[in-house]
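J.: Just so it is clear, I am handing over run-v5.txt, which has compact mmCIF, C-alpha atoms.
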```
# COMPACT_ATOMS: atom_id res chain seq x y z
CA MET A 1 26.28 13.21 -4.16
CA GLY A 2 24.82 11.02 -6.86
CA GLU A 3 22.10 12.12 -9.23
CA MET A 4 18.95 10.50 -10.55
CA ARG A 5 17.69 12.11 -13.75
CA LEU A 6 14.48 11.67 -15.69
CA THR A 7 12.18 13.72 -17.91
CA VAL A 8 8.44 13.96 -17.34
CA LYS A 9 6.13 15.05 -20.20
CA HIS A 10 2.59 16.37 -20.42
CA THR A 11 0.89 14.50 -23.26
CA GLY A 12 -1.88 17.07 -23.76
CA LYS A 13 -4.57 14.38 -23.35
CA GLY A 14 -6.59 15.64 -20.37
CA ASN A 15 -4.22 15.81 -17.42
CA GLU A 16 -2.09 12.90 -18.60
CA VAL A 17 1.61 13.08 -17.78
CA GLU A 18 4.13 10.36 -18.50
CA SER A 19 7.76 9.45 -18.08
CA THR A 20 9.83 6.65 -19.55
CA THR A 21 12.99 5.55 -17.74
CA ASP A 22 16.29 4.75 -19.46
CA ALA A 23 15.47 1.08 -18.84
CA GLY A 24 12.23 1.51 -20.82
CA ALA A 25 9.74 1.42 -17.92
CA ARG A 26 6.81 3.78 -18.32
CA MET A 27 5.00 5.72 -15.60
CA THR A 28 1.64 7.33 -16.29
CA PHE A 29 -0.04 9.97 -14.17
CA ASP A 30 -3.49 11.54 -14.34
CA GLY A 31 -5.61 13.94 -12.32
CA GLU A 32 -8.20 12.73 -9.82
CA GLY A 33 -10.86 10.61 -11.51
CA GLY A 34 -8.79 10.52 -14.69
CA ALA A 35 -8.60 7.42 -16.87
CA TYR A 36 -4.95 7.50 -17.93
CA GLY A 37 -3.13 6.71 -14.71
CA ALA A 38 -2.93 7.05 -10.97
CA THR A 39 -2.57 10.51 -9.46
CA PRO A 40 0.84 11.83 -8.39
CA MET A 41 -0.20 11.49 -4.71
CA GLN A 42 -1.19 7.84 -5.32
CA HIS A 43 2.22 7.22 -6.90
CA LEU A 44 3.89 8.81 -3.89
CA LEU A 45 1.94 6.71 -1.37
CA ALA A 46 2.41 3.49 -3.34
CA ALA A 47 6.14 4.20 -3.80
CA VAL A 48 6.69 4.32 -0.03
CA ALA A 49 5.11 0.87 0.34
CA ALA A 50 6.69 -0.61 -2.80
CA CYS A 51 10.16 0.35 -1.63
CA SER A 52 9.70 -1.48 1.66
CA LEU A 53 7.87 -4.48 0.17
CA MET A 54 10.86 -5.26 -2.08
CA ASP A 55 13.17 -5.33 0.94
CA VAL A 56 10.76 -7.37 3.07
CA ASP A 57 10.55 -9.92 0.26
CA ILE A 58 14.34 -10.17 0.03
CA ILE A 59 14.69 -10.58 3.80
CA LEU A 60 11.99 -13.28 4.03
CA LYS A 61 13.56 -15.13 1.09
CA LYS A 62 16.95 -15.09 2.83
CA LYS A 63 15.28 -16.69 5.85
CA ARG A 64 13.96 -19.43 3.52
CA LEU A 65 10.38 -18.87 4.65
CA GLU A 66 7.36 -19.96 2.59
CA TYR A 67 4.80 -17.27 2.01
CA ALA A 68 2.43 -15.70 -0.46
CA ASN A 69 0.41 -12.51 -0.93
CA LEU A 70 2.97 -10.17 0.54
CA ARG A 71 1.24 -6.80 0.51
CA ALA A 72 0.81 -3.48 2.29
CA GLU A 73 -2.38 -1.55 3.00
CA CYS A 74 -1.50 2.14 2.89
CA VAL A 75 -3.26 5.10 4.44
CA GLY A 76 -2.12 8.63 3.76
CA ALA A 77 -3.67 11.28 6.04
CA ARG A 78 -4.07 14.71 4.46
CA PRO A 79 -6.22 17.82 4.89
CA ASP A 80 -9.80 17.59 3.59
CA THR A 81 -9.76 21.14 2.30
CA GLY A 82 -7.37 23.84 1.11
CA THR A 83 -4.43 23.81 -1.27
CA PRO A 84 -2.07 22.03 -1.23
CA LYS A 85 -3.17 18.81 0.53
CA PRO A 86 0.12 17.13 1.52
CA PHE A 87 0.33 13.89 3.44
CA LYS A 88 0.77 14.67 7.12
CA SER A 89 1.31 11.05 8.12
CA ILE A 90 1.44 7.65 6.45
CA THR A 91 0.45 4.28 7.92
CA LEU A 92 1.48 0.99 6.30
CA VAL A 93 -0.04 -2.32 7.40
CA PHE A 94 2.12 -5.14 6.00
CA ARG A 95 0.44 -8.51 5.59
CA VAL A 96 1.57 -11.91 4.42
CA ASP A 97 0.04 -15.39 4.19
CA GLY A 98 2.00 -18.54 4.95
CA ASN A 99 4.37 -20.08 7.41
CA VAL A 100 6.01 -16.90 8.68
CA PRO A 101 6.66 -16.39 12.42
CA GLN A 102 5.20 -13.07 13.59
CA LYS A 103 8.54 -12.01 15.06
CA ALA A 104 10.42 -12.70 11.82
CA PHE A 105 7.85 -10.70 9.83
CA GLU A 106 8.00 -7.78 12.25
CA ASP A 107 11.79 -7.76 12.16
CA ALA A 108 11.80 -7.73 8.36
CA VAL A 109 9.25 -4.91 8.16
CA LYS A 110 11.01 -2.85 10.82
CA LEU A 111 14.37 -3.14 9.02
CA SER A 112 12.88 -2.28 5.66
CA VAL A 113 10.80 0.71 6.79
CA GLU A 114 13.16 2.19 9.34
CA LYS A 115 16.55 1.40 7.84
CA TYR A 116 16.54 0.49 4.14
CA CYS A 117 13.82 2.38 2.29
CA SER A 118 15.05 5.50 0.48
CA VAL A 119 11.54 6.72 -0.41
CA GLY A 120 10.41 6.62 3.22
CA ASP A 121 13.62 8.30 4.30
CA THR A 122 12.88 11.18 1.91
CA VAL A 123 9.22 11.52 2.86
CA LYS A 124 9.27 10.95 6.63
CA HIS A 125 10.33 14.53 7.43
CA GLY A 126 6.99 15.83 6.17
CA ALA A 127 4.90 12.70 6.78
CA PRO A 128 6.06 10.38 9.61
CA ILE A 129 5.58 6.73 8.68
CA ALA A 130 3.95 4.26 11.10
CA TRP A 131 3.79 0.54 10.38
CA GLU A 132 2.25 -2.72 11.53
CA ALA A 133 3.08 -6.29 10.50
CA ARG A 134 0.38 -8.98 10.50
CA VAL A 135 0.71 -12.60 9.42
CA GLY A 136 -2.48 -14.06 7.91
CA MET B 1 -8.15 14.91 8.08
CA GLY B 2 -8.97 13.07 4.90
CA GLU B 3 -7.51 9.70 3.98
CA MET B 4 -6.12 8.22 0.80
CA ARG B 5 -6.10 4.43 0.83
CA LEU B 6 -4.56 1.89 -1.50
CA THR B 7 -3.07 -1.59 -1.38
CA VAL B 8 0.32 -2.45 -2.84
CA LYS B 9 1.19 -6.08 -3.66
CA HIS B 10 4.40 -7.98 -4.28
CA THR B 11 3.81 -10.18 -7.33
CA GLY B 12 6.65 -12.60 -6.58
CA LYS B 13 8.16 -12.03 -10.07
CA GLY B 14 11.63 -10.70 -9.28
CA ASN B 15 11.18 -7.48 -7.34
CA GLU B 16 7.93 -6.57 -9.07
CA VAL B 17 5.37 -4.72 -6.95
CA GLU B 18 2.08 -3.37 -8.21
CA SER B 19 -0.97 -1.43 -7.15
CA THR B 20 -4.29 -0.84 -8.86
CA THR B 21 -6.36 2.18 -7.89
CA ASP B 22 -10.14 2.15 -7.36
CA ALA B 23 -10.38 3.91 -10.74
CA GLY B 24 -8.54 1.00 -12.36
CA ALA B 25 -5.18 2.66 -12.96
CA ARG B 26 -2.19 0.38 -12.48
CA MET B 27 1.21 1.29 -11.06
CA THR B 28 4.15 -1.07 -11.47
CA PHE B 29 7.42 -0.93 -9.56
CA ASP B 30 10.65 -2.86 -9.90
CA GLY B 31 14.12 -2.81 -8.42
CA GLU B 32 17.04 -1.07 -10.11
CA GLY B 33 17.69 -2.50 -13.57
CA GLY B 34 14.43 -4.47 -13.39
CA ALA B 35 12.22 -4.99 -16.42
CA TYR B 36 8.78 -4.72 -14.83
CA GLY B 37 8.58 -1.07 -13.91
CA ALA B 38 10.32 2.04 -12.68
CA THR B 39 11.89 2.01 -9.23
CA PRO B 40 10.07 3.51 -6.23
CA MET B 41 12.56 6.41 -6.19
CA GLN B 42 11.88 7.09 -9.90
CA HIS B 43 8.14 7.13 -9.14
CA LEU B 44 8.75 9.59 -6.32
CA LEU B 45 10.84 11.94 -8.47
CA ALA B 46 8.45 11.76 -11.42
CA ALA B 47 5.44 12.32 -9.13
CA VAL B 48 6.83 15.66 -7.91
CA ALA B 49 7.14 16.88 -11.51
CA ALA B 50 3.87 15.33 -12.72
CA CYS B 51 1.93 17.07 -9.99
CA SER B 52 3.28 20.48 -11.02
CA LEU B 53 3.06 19.85 -14.78
CA MET B 54 -0.70 19.26 -14.51
CA ASP B 55 -1.17 22.60 -12.78
CA VAL B 56 1.15 24.46 -15.17
CA ASP B 57 -0.87 23.06 -18.09
CA ILE B 58 -4.14 24.22 -16.52
CA ILE B 59 -2.76 27.70 -15.83
CA LEU B 60 -1.36 28.12 -19.39
CA LYS B 61 -4.65 26.92 -20.88
CA LYS B 62 -6.55 29.50 -18.82
CA LYS B 63 -4.27 32.17 -20.28
CA ARG B 64 -5.21 30.89 -23.77
CA LEU B 65 -1.59 30.44 -24.76
CA GLU B 66 -0.49 28.16 -27.59
CA TYR B 67 2.21 25.70 -26.68
CA ALA B 68 3.49 22.16 -27.01
CA ASN B 69 5.96 19.77 -25.40
CA LEU B 70 5.34 20.90 -21.85
CA ARG B 71 7.86 18.90 -19.82
CA ALA B 72 10.14 18.89 -16.80
CA GLU B 73 13.72 17.63 -16.54
CA CYS B 74 14.17 16.31 -13.02
CA VAL B 75 17.33 15.83 -11.00
CA GLY B 76 17.24 14.18 -7.60
CA ALA B 77 20.47 14.48 -5.58
CA ARG B 78 21.16 11.58 -3.22
CA PRO B 79 24.16 9.97 -1.52
CA ASP B 80 26.37 7.79 -3.71
CA THR B 81 26.89 5.22 -0.98
CA GLY B 82 25.28 3.88 2.17
CA THR B 83 21.73 2.85 3.01
CA PRO B 84 19.24 4.41 2.64
CA LYS B 85 19.91 6.86 -0.22
CA PRO B 86 17.16 9.48 0.16
CA PHE B 87 16.83 12.52 -2.07
CA LYS B 88 18.51 15.47 -0.34
CA SER B 89 17.35 18.00 -2.92
CA ILE B 90 15.32 18.03 -6.13
CA THR B 91 15.71 20.35 -9.14
CA LEU B 92 13.00 20.67 -11.79
CA VAL B 93 13.66 22.46 -15.08
CA PHE B 94 10.32 23.15 -16.75
CA ARG B 95 10.38 23.65 -20.52
CA VAL B 96 7.76 24.44 -23.12
CA ASP B 97 7.75 25.17 -26.85
CA GLY B 98 5.48 27.76 -28.42
CA ASN B 99 4.21 31.27 -28.02
CA VAL B 100 4.54 31.58 -24.25
CA PRO B 101 5.97 34.76 -22.67
CA GLN B 102 8.84 33.90 -20.29
CA LYS B 103 7.16 35.81 -17.46
CA ALA B 104 3.85 33.97 -17.88
CA PHE B 105 5.64 30.61 -17.86
CA GLU B 106 7.65 31.51 -14.76
CA ASP B 107 4.54 32.68 -12.94
CA ALA B 108 2.71 29.44 -13.76
CA VAL B 109 5.63 27.25 -12.65
CA LYS B 110 6.14 29.25 -9.46
CA LEU B 111 2.46 28.95 -8.51
CA SER B 112 2.33 25.25 -9.25
CA VAL B 113 5.56 24.29 -7.45
CA GLU B 114 5.35 26.62 -4.49
CA LYS B 115 1.61 26.80 -3.88
CA TYR B 116 -0.44 24.03 -5.49
CA CYS B 117 1.49 20.78 -5.60
CA SER B 118 0.68 18.36 -2.78
CA VAL B 119 3.50 15.94 -3.64
CA GLY B 120 6.12 18.68 -3.45
CA ASP B 121 4.56 19.98 -0.24
CA THR B 122 5.00 16.51 1.32
CA VAL B 123 8.53 15.95 0.07
CA LYS B 124 10.11 19.40 0.47
CA HIS B 125 10.83 18.95 4.19
CA GLY B 126 13.37 16.23 3.39
CA ALA B 127 14.32 17.37 -0.11
CA PRO B 128 13.97 21.09 -0.88
CA ILE B 129 12.71 21.68 -4.42
CA ALA B 130 14.37 24.21 -6.74
CA TRP B 131 12.94 25.08 -10.15
CA GLU B 132 13.66 26.89 -13.39
CA ALA B 133 11.32 27.78 -16.25
CA ARG B 134 12.61 27.98 -19.83
CA VAL B 135 10.64 28.69 -22.99
CA GLY B 136 12.03 26.98 -26.09
```
Would you mind writing the file's structure down as structure tokens?
T.:
Amino acid sequence: MGEMRLTVKHTGKGNEVESTTDAGARMTFDGEGGAYGATPMQHLLAAVAACSLMDVDIILKKKRLEYANLRAECVGARPDTGTPKPFKSITLVFRVDGNVPQKAFEDAVKLSVEKYCSVGDTVKHGAPIAWEARVG
Amino acid sequence: MGEMRLTVKHTGKGNEVESTTDAGARMTFDGEGGAYGATPMQHLLAAVAACSLMDVDIILKKKRLEYANLRAECVGARPDTGTPKPFKSITLVFRVDGNVPQKAFEDAVKLSVEKYCSVGDTVKHGAPIAWEARVG
């Protein structure tokens, strides 16, 4: 087994929490409605999509396709009430503008979500991940 | 069921991906070794700890304890090779400096990790979460 290590610190300003990676990248977290950063659940949801978007981009580039505005609309379903409120399912709608055949886009998204993405592969046991791929 | 929604965009600069919340908070992601942000897996690991740190802070404040440097050292275990490389287990070592009884700190960490944290409650099915609590 390999290990990923990082340290996360509470700054003492409201609910602000931050972490700086060895490479110098900074992540900032805040509570709901807070001004310092996105919430931990927003980071989780965005991380699932970000992981797949990087792979989709690499696959489309390899196919020498011309495109722009590669993005994913994410929906995380969770209980309205009670504690905790985990995601029970996640839906990602991938979209792209440009000269991309629908089939090529679907293939790229399917590979990235179902085969490559380590975040999704960690999360899917608690929150199954559904996806769509739409050009335009 | 409630819904959390957000949109995640590929910027086209290297592997950079970003998302801005309705509240205006920005999250930035990059591939391994990238300069633009932490990786999606780093966001995932940090989010588990951030979620619990916020609750631990709230609980300690309610107990009117004096402390500083509330933090968590995170270790995510994942395969060395192959694709994908999901977390198979996560260990969080919570630490704090100050006048905090060990028992009070343990109780706060236990509550936050095992009862309150929505990120952990989503992720634990794929990656069980172990914790320790150490004062000083």
J.: Could you check the closest approach to Leu45 (chain B) for each of A:Thr7, A:Thr28, A:Ser112, A:Asn99 and tell me which residue wins, using only C-alpha atoms?
T.: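 Closest to Leu45 (chain B), using only C-alpha atoms: A:Thr7.
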J.: List as a PyMOL selection string the protein and nucleic acid residues near Lys61 (chain B), meaning an atom at most 12 Å away when only C-alpha atoms are counted, but skip any in the same chain fewer than 5 places from it.
T.: (chain A and resi 12+14-15) or (chain B and resi 54-56+66-68+70+100+104-105+108)
J.: Tell me which protein, DNA and RNA residues are within 6 Å of Ala127 (chain B), counting only C-alpha atoms, leaving out same-chain ones fewer than 2 positions away, and put them as an MDAnalysis selection string.
T.: chainID B and resid 87:89 123:125
J.: Residues of chain A that have any atom at most 7 Å from an atom of chain B: could you tabulate them with the shortest-distance atom pair and the distance in Å to one decimal, using all atoms listed in the file, ordered by chain and increasing number, as CSV?
T.:
```
residue,atom,partner,partner_atom,distance
A:Met1,CA,B:Pro79,CA,4.7
A:Gly2,CA,B:Asp80,CA,4.8
A:Glu3,CA,B:Ala77,CA,4.6
A:Met4,CA,B:Gly76,CA,5.0
A:Arg5,CA,B:Val75,CA,4.6
A:Leu6,CA,B:Cys74,CA,5.4
A:Thr7,CA,B:Glu73,CA,4.4
A:Val8,CA,B:Ala72,CA,5.2
A:Lys9,CA,B:Arg71,CA,4.2
A:His10,CA,B:Leu70,CA,5.5
A:Asn15,CA,B:Met54,CA,5.7
A:Val17,CA,B:Ala50,CA,6.0
A:Thr21,CA,B:Ala38,CA,6.7
A:Ala23,CA,B:Gly33,CA,6.7
A:Ala25,CA,B:Gly37,CA,4.9
A:Arg26,CA,B:Gly37,CA,6.8
A:Phe29,CA,B:Ala50,CA,6.8
A:Gly33,CA,B:Ala23,CA,6.8
A:Tyr36,CA,B:Ala25,CA,6.9
A:Gly37,CA,B:Ala25,CA,4.9
A:Ala38,CA,B:Ala25,CA,5.3
A:Pro40,CA,B:Ala47,CA,4.7
A:Met41,CA,B:Val119,CA,5.9
A:His43,CA,B:His43,CA,6.3
A:Leu44,CA,B:Leu44,CA,5.5
A:Ala46,CA,B:Val8,CA,6.3
A:Ala47,CA,B:Pro40,CA,4.7
A:Ala49,CA,B:Val8,CA,6.6
A:Ala50,CA,B:Val17,CA,6.0
A:Cys51,CA,B:Pro40,CA,5.6
A:Leu53,CA,B:His10,CA,6.6
A:Met54,CA,B:Asn15,CA,5.7
A:Asn69,CA,B:His10,CA,6.9
A:Leu70,CA,B:His10,CA,5.5
A:Arg71,CA,B:Lys9,CA,4.2
A:Ala72,CA,B:Val8,CA,5.3
A:Glu73,CA,B:Thr7,CA,4.4
A:Cys74,CA,B:Leu6,CA,5.4
A:Val75,CA,B:Arg5,CA,4.6
A:Gly76,CA,B:Met4,CA,5.0
A:Ala77,CA,B:Glu3,CA,4.6
A:Arg78,CA,B:Gly2,CA,5.2
A:Pro79,CA,B:Met1,CA,4.7
A:Asp80,CA,B:Gly2,CA,4.8
A:Thr83,CA,B:Tyr116,CA,5.8
A:Pro84,CA,B:Ser118,CA,4.8
A:Lys85,CA,B:Ser118,CA,5.1
A:Pro86,CA,B:Ser118,CA,4.5
A:Phe87,CA,B:Thr122,CA,5.8
A:Lys115,CA,B:Pro84,CA,6.6
A:Tyr116,CA,B:Pro84,CA,5.0
A:Cys117,CA,B:Pro84,CA,5.8
A:Ser118,CA,B:Pro86,CA,4.5
A:Val119,CA,B:Met41,CA,5.9
A:Asp121,CA,B:Pro86,CA,5.6
A:Thr122,CA,B:Pro86,CA,4.9
A:Val123,CA,B:Val123,CA,5.3
A:His125,CA,B:Gly126,CA,5.3
A:Gly126,CA,B:Thr122,CA,5.3
A:Ala127,CA,B:Thr122,CA,6.7
```
J.: To one decimal place in Å, what is the distance between CA of Lys63 (chain B) and CA of Ile129 (chain B)?
T.: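 So the answer is 25.5 Å.
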J.: What is the CA of Trp131 (chain B)-CA of Lys13 (chain A) distance in Å, reported with one decimal?
T.: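 Pair CA of Trp131 (chain B) / CA of Lys13 (chain A) returns 24.4 Å.
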J.: CA of Ile59 (chain B) to CA of Pro128 (chain B): how many Å, to one decimal?
T.: 23.4 Å
J.: Draw an axis-aligned box tight on the listed atoms of region 94-111 of chain B, then pad every side by 6 Å and write out centre and edge lengths in Å to one decimal as lines of an AutoDock Vina configuration file.
T.:
```
center_x = 6.4
center_y = 29.5
center_z = -18.5
size_x = 19.9
size_y = 24.7
size_z = 31.9
```
